[in-house]
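Below is one structure, written out as structure tokens; comments come after it.
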Amino acid sequence: MRVKFILPMFLLLALASQAAFAAGAGTVTMTVSPNVLAGSKTAEVWLPYPFSNDTQDIAGVAVQGNYDSYQIQRDPKSGANYLHAAWSRVDAKDKPSLTLAFHVDSHFRKFESLKDSKEPIPADVKALSLASDDWTPSEAYTEQAAKIVKGKRTVLAKARAIYDWTVDNTFRDPAVQGCGVGIPGRTLGEMKGGGKCADISTVFVTLARAAGVPAREVFGLRMADPKTADITGDYHCWAEFYLPGTGWVPVDPADVRKMMLVKNLEAKSPEAERYREFFWGGDDLMRITLNTGSRGVVFNPPQKGGPVNYFMYPFGQVDGESLNYFDPKSFTYSVAFKSE
């Protein structure tokens, strides 16, 4: 998506304090109008539906539109929360429309210190976040991951080694559409390490799992600066690993590479190293989580054409044909943010 940078004052405060504080609050409004043509008959839309968690409070959710029906669902496999709306008869002149609005209070999270514990990894975390599948094929990377974490004995040390390797062996490619496809074989092979946030985050997640470190992608949005803005281009993906005794720890090698690109930083320069440390165990203060680990999603009712690669953007189908969520103008959808 378009290049958007961290608020300098927020970043300076975060780097200085390394502590937790409220980061930003406001209202997000998603407006969706599936692109129907003359002769179209039906339309469906699935939208990520955010809930409160330890980094955000969601309130005041409002849904409006000319849909025939809508419902809130949860994918039992990925845990993705979503709103499904359907139009049984559509008209190119009176196009289907849907608005999802909610208030968010986002809380900055930065772990001041991370320590290994002797606690075991919970069974449910193992089941979901150590799995090898079509989207994060960690079994194919066990040999490579073993080389990266050679000599590392703890979850924390292994996670840090993989984070550093990912930063050092990937780069942000502005030519990649949207947030990328999040397929590690493509990123590390055909693209020679190049990609956007979904690509780079999935490299970390796949290698972490291959090394026995539970990990998952996080799919979300960045809030705006200035106070009121179009944030349709501000979808973002980062990663988390599970540290026993601590819980889920955010890391963002993709944003390290982004800042290195836009500031033209040498890999081992002091400023690049500050970004590397900032995005290890912390975030950029202005994030909204939409879903975590939502790969290979099958909705209820199921969409045509098989699982969704990753569920972050609005997903829509007209007469069973999927719309291109990488192209908001042809879909069509928009996301606006108004801060308090």
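Following the order of the structure tokens, chains are lettered A, B, ..., residues in each are numbered from 1, and ligands are numbered from 1.
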
- Item | Nearby residues (only C-alpha atoms) at most 8 Å from region 184-189 of chain A, same-chain spacing under 4 positions excluded, as a VMD selection string | chain A and resid 136 170 193 to 195 199 to 200 202 to 203 206

Enumerate, in order of chain and increasing residue number, the residues of region 302-339 of chain A with an atom no farther than 7 Å from region 222-239 of chain A, each with its shortest atom pair and distance in Å to one decimal, counting only C-alpha atoms, as a Markdown table.
| residue | atom | partner | partner_atom | distance |
| --- | --- | --- | --- | --- |
| A:Ser334 | CA | A:Thr232 | CA | 5.2 |
| A:Val335 | CA | A:Thr232 | CA | 4.6 |
| A:Ala336 | CA | A:Asp230 | CA | 4.5 |
| A:Phe337 | CA | A:Ala229 | CA | 5.6 |
| A:Lys338 | CA | A:Thr228 | CA | 4.4 |
| A:Ser339 | CA | A:Lys227 | CA | 5.0 |

Output file for the selection above: C-alpha atoms, as a compact mmCIF listing (two decimals), in the first residue's frame:
# COMPACT_ATOMS: atom_id res chain seq x y z
CA SER A 334 -12.80 2.76 1.39
CA VAL A 335 -11.67 3.19 5.00
CA ALA A 336 -11.73 6.51 6.86
CA PHE A 337 -10.35 7.46 10.26
CA LYS A 338 -11.28 10.40 12.47
CA SER A 339 -9.27 10.80 15.64

- Item | Contacts of Phe279 (chain A) within 8 Å, only C-alpha atoms, excl. fewer than 3 positions in-chain, as a PyMOL selection string | chain A and resi 250-253+255-256+275-276+282-284

Next, the residues of the selection above should be written as a short mmCIF file (atom, residue, chain, number, x, y, z; two decimals), in the first residue's frame with C-alpha atoms.
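For reference, selection33.cif as written:
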data_model
loop_
_atom_site.label_atom_id
_atom_site.label_comp_id
_atom_site.auth_asym_id
_atom_site.auth_seq_id
_atom_site.Cartn_x
_atom_site.Cartn_y
_atom_site.Cartn_z
CA PRO A 250 4.90 -8.31 18.58
CA VAL A 251 7.73 -8.03 16.06
CA ASP A 252 7.79 -6.20 12.75
CA PRO A 253 10.79 -6.91 10.50
CA ASP A 255 8.61 -2.04 9.17
CA VAL A 256 12.34 -2.13 9.89
CA TYR A 275 14.49 0.76 14.28
CA ARG A 276 15.50 -2.88 14.59
CA GLY A 282 6.92 -3.23 20.25
CA ASP A 283 4.85 -1.42 17.66
CA ASP A 284 4.46 2.01 16.13
#

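Proximity of A:Gly39, A:Asn324, A:Ile148, A:Phe111 to Phe278 (chain A), computed with only C-alpha atoms, is greatest for A:Phe111.
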
- Write out as JSON, numbers by chain which residues come within 12 Å of region 83-87 of chain A when counting only C-alpha atoms, dropping same-chain ones fewer than 3 positions away. {"A": [30, 32, 33, 34, 36, 40, 41, 42, 43, 44, 45, 46, 47, 48, 49, 50, 51, 61, 62, 63, 64, 65, 66, 67, 68, 69, 70, 71, 72, 73, 74, 75, 80, 90, 91, 94, 95, 96, 97, 98, 99, 100, 101, 290, 299, 300, 301, 302, 303, 311, 314, 315, 316, 317, 318, 319, 320]}

- Message: Show me, as a list of chain:residue names, the residues that have an atom within 12 Å of Met260 (chain A) when counting only C-alpha atoms, minus same-chain residues fewer than 4 positions from it.
- Response: A:Phe5, A:Val167, A:Asp168, A:Thr170, A:Phe171, A:Arg172, A:Asp173, A:Pro253, A:Ala254, A:Asp255, A:Val256, A:Asn264, A:Leu265, A:Glu266, A:Ala267, A:Lys268, A:Ser269, A:Pro270, A:Glu271, A:Ala272, A:Glu273, A:Arg274, A:Tyr275, A:Arg276

Can I get the selection written as a PDB file, in the first residue's frame, with C-alpha atoms?
ATOM      1  CA  PHE A   5       5.443   6.864   8.143  1.00  0.00           C
ATOM      2  CA  VAL A 167      15.608  -8.167   8.641  1.00  0.00           C
ATOM      3  CA  ASP A 168      19.006  -8.933   7.095  1.00  0.00           C
ATOM      4  CA  THR A 170      14.620  -9.338   3.024  1.00  0.00           C
ATOM      5  CA  PHE A 171      13.875  -5.904   1.613  1.00  0.00           C
ATOM      6  CA  ARG A 172      10.813  -3.781   0.936  1.00  0.00           C
ATOM      7  CA  ASP A 173       9.819  -3.815  -2.723  1.00  0.00           C
ATOM      8  CA  PRO A 253      10.793  -6.914  10.503  1.00  0.00           C
ATOM      9  CA  ALA A 254       8.803  -5.480   7.577  1.00  0.00           C
ATOM     10  CA  ASP A 255       8.606  -2.039   9.172  1.00  0.00           C
ATOM     11  CA  VAL A 256      12.343  -2.128   9.887  1.00  0.00           C
ATOM     12  CA  ASN A 264      18.005   5.248   2.779  1.00  0.00           C
ATOM     13  CA  LEU A 265      19.732   3.673   5.778  1.00  0.00           C
ATOM     14  CA  GLU A 266      22.704   1.356   5.689  1.00  0.00           C
ATOM     15  CA  ALA A 267      21.935  -2.018   7.261  1.00  0.00           C
ATOM     16  CA  LYS A 268      24.213  -1.620  10.280  1.00  0.00           C
ATOM     17  CA  SER A 269      23.893   2.135  10.735  1.00  0.00           C
ATOM     18  CA  PRO A 270      22.988   3.382  14.241  1.00  0.00           C
ATOM     19  CA  GLU A 271      19.599   4.635  13.042  1.00  0.00           C
ATOM     20  CA  ALA A 272      18.769   1.328  11.349  1.00  0.00           C
ATOM     21  CA  GLU A 273      19.724  -0.475  14.554  1.00  0.00           C
ATOM     22  CA  ARG A 274      17.362   1.758  16.555  1.00  0.00           C
ATOM     23  CA  TYR A 275      14.494   0.761  14.279  1.00  0.00           C
ATOM     24  CA  ARG A 276      15.505  -2.879  14.588  1.00  0.00           C
TER      25      ARG A 276
END

Quick one: contact table of region 181-247 of chain A to region 293-296 of chain A, 9 Å max, nearest atom pair and distance in Å to one decimal per residue, counting only C-alpha atoms, chain and number order, as a Markdown table?
| residue | atom | partner | partner_atom | distance |
| --- | --- | --- | --- | --- |
| A:Ala215 | CA | A:Gly293 | CA | 8.7 |
| A:Arg216 | CA | A:Gly293 | CA | 5.2 |
| A:Glu217 | CA | A:Gly293 | CA | 5.0 |
| A:Val218 | CA | A:Gly293 | CA | 6.1 |
| A:Phe219 | CA | A:Gly293 | CA | 7.8 |

Expected file contents, prior selection, N, CA and C atoms, as a short mmCIF file (atom, residue, chain, number, x, y, z; two decimals), in the first residue's frame:
data_model
loop_
_atom_site.label_atom_id
_atom_site.label_comp_id
_atom_site.auth_asym_id
_atom_site.auth_seq_id
_atom_site.Cartn_x
_atom_site.Cartn_y
_atom_site.Cartn_z
N ALA A 215 4.38 -18.91 16.29
CA ALA A 215 4.31 -17.58 15.69
C ALA A 215 3.05 -17.47 14.83
N ARG A 216 2.64 -16.23 14.59
CA ARG A 216 1.46 -15.99 13.77
C ARG A 216 1.53 -14.59 13.16
N GLU A 217 0.81 -14.39 12.06
CA GLU A 217 0.67 -13.07 11.48
C GLU A 217 -0.44 -12.30 12.18
N VAL A 218 -0.32 -10.99 12.18
CA VAL A 218 -1.38 -10.10 12.68
C VAL A 218 -1.76 -9.18 11.53
N PHE A 219 -3.06 -9.10 11.26
CA PHE A 219 -3.55 -8.31 10.14
C PHE A 219 -4.35 -7.13 10.66
#

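Proximity to Glu112 (chain A) was assessed for A:Glu277, A:Glu340, A:Asp327, A:Asp134 counting only C-alpha atoms; the smallest distance is recorded for A:Glu277.
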